[in-house]
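Shown next, in structure tokens, is the structure this report addresses.
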Amino acid sequence: MLLIEHAIAAEIEDGNKLRVDCTVVETNIHGPSDSSLLVDSVRVLVRLMDRAQEYVEAPFTNHHRRAKRRAIGILHARREEDRVPLYRDLLKVTNKTVTAAERVIAAFTSSYSPQALRHPLIFELFDSLQHYLELARRVVTQAHRRVVLGETVPSSEKLVSIFETHTDIIVKDRRDTLYGHKLCLATGASGLITDCHVEKGNPADSTLAVGMVERHMERYGHAPRQVCFDGAFASRANFDEIKRLEAGDVVFTKGKAIAVDEMAGDEATFRMLRRFRAGIEATISFLKRCVGWTRCAWRSLRSFTAYAWASVVTANLLQLARHALS
């Protein structure tokens, strides 16, 4: 990154100290539920099929109002036995809408040649219909498995939005469930953000420690002399592997059977690095309060990553300005 290269050249940052932590940035979706996803699927397919009537003859019945009524009934039902019949009817109307969308797609393929389907206006509509039809089928399948069959659908198989399909389910400390992406962040002694990585899924922090040090080495050409993590990153295997990379002091705020003198040499250095690590919490707070890391409004995973890095660049520019004024 050019800003980090500038900071190295200006002797603001040297890469000798590293602190790492993770946070979650949410995607711009409403709280997911089976009923809301089914209604979203019906609504979008109905809208697309209505537009398609300009190009093909494929009549359909609009079940959107019925689907909304069933979703409202599910929301206000007091008992599980009251919800199941409503869910069955909502699944029924969603399946009818899916079948109607399949007929519209068949009408397109029978009415237009492959070359005609590449026309920009027709292709955009045809492609959207295929895209949301496939997502609607996934929503119906997972709702049927959970509600009718009583299965527990694994998080890795769940679709939580038909608009931001890349969204991951992130459970923090068994308390909060967030919908977005886990980001692993690294900063140096200067306060500049030296690395930011958008993780896939919800990996444990303990699986990320070594990778962040390796990424640091790729950028700076050497291992940090001092690196610190919070207790969630700690493990004997991580400690041994980071030491093998020729890092100096490797401190976890909770060592998990790793002695203080083994991590930092002495108690004073350990306390100093533990306080240094706490500074990354202020950086994360600043990113969330001031540069939009609470929720990303940009659509698609590629745009999400660009948004995260745009926020990092903004924060680093402000930090460099503070160094220039000091």
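The chains in the structure tokens are called A, B, ... from first to last as shown; in each chain the residues are counted from 1, and the ligands are counted from 1 in the order shown.
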
*asked:* For stretch 297-313 of chain A, find every residue with an atom within 12 Å (counting only C-alpha atoms), except residues of its own chain fewer than 2 positions away, and show them as a PyMOL selection string.
replied: chain A and resi 1-4+23-30+161-168+180-187+191-200+283-284+286-295+315-320

*Could you tell me, as an MDAnalysis selection string, which residues of stretch 22-242 of chain A DSSP assigns to alpha helix (DSSP H) when given the backbone?*
chainID A and resid 34:52 64:76 80:111 120:143 209:220 236:242

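Using only C-alpha atoms, the shortest contact distance between A:Gly211 and any of A:Arg271, A:Pro224, A:Lys92, A:Ile242 is found at A:Ile242.
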
*asked:* With only C-alpha atoms as the counted atoms, please give the residues lying no more than 8 Å from A:Arg236, apart from itself and same-chain residues fewer than 4 positions off, as an NGL selection string.
replied: :A and (240 or 256-258)

Just write the chosen residues, C-alpha atoms, as a CSV table (one decimal), in the first residue's frame.
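Saved as out00.csv:
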chain,number,residue,atom,x,y,z
A,240,ASP,CA,5.9,-22.0,18.2
A,256,LYS,CA,-3.0,-20.4,27.8
A,257,ALA,CA,-0.1,-22.2,29.6
A,258,ILE,CA,2.6,-20.2,27.9

*strand (DSSP E or B) call set, DSSP backbone run, stretch 30-278 of chain A, as a VMD selection string*: chain A and resid 168 to 172 176 to 187 193 to 198 226 to 229 249 to 252

*Report the distance between atom CA of A:Leu75 and atom CA of A:Ile170 in Å, rounded to one decimal place.*
23.7 Å

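Nearest to A:Arg83 of all the residues A:Asn62, A:Val147, A:Ser111, A:Arg138 is A:Val147, based on only C-alpha atoms.
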
*For each of A:Thr109, A:Gln130, A:Ser35, A:Ser206, take the minimum atom-to-atom distance to A:Ala67, counting only C-alpha atoms, then give the residue where this is smallest.*
A:Ser35

*asked:* For a test of reading the model, state the distance in Å between atom CA of A:Val93 and atom CA of A:Ser156, rounded to one decimal.
replied: 26.6 Å

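Summary of the local environment: counting only C-alpha atoms, residues at most 12 Å from A:Leu86, other than itself and those fewer than 2 positions away along its chain, are Asp34, Ser35, Arg66, Ala67, Lys68, Arg69, Arg70, Ala71, Ile72, Gly73, Ile74, Leu75, His76, Ala77, Arg79, Glu80, Glu81, Asp82, Arg83, Val84, Arg88, Asp89, Leu90, Leu91, Lys92, Val93, Val147 and Val148 of chain A.
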
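Here atom CA of A:Ile12 stands at a distance of 6.3 Å from atom CA of A:Ser190.
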
*Hey, what's within 7 Å of stretch 139-142 of chain A if we count only C-alpha atoms and toss same-chain stuff fewer than 6 positions away? As a PyMOL selection string, please?*
chain A and resi 37-38+91+153+159
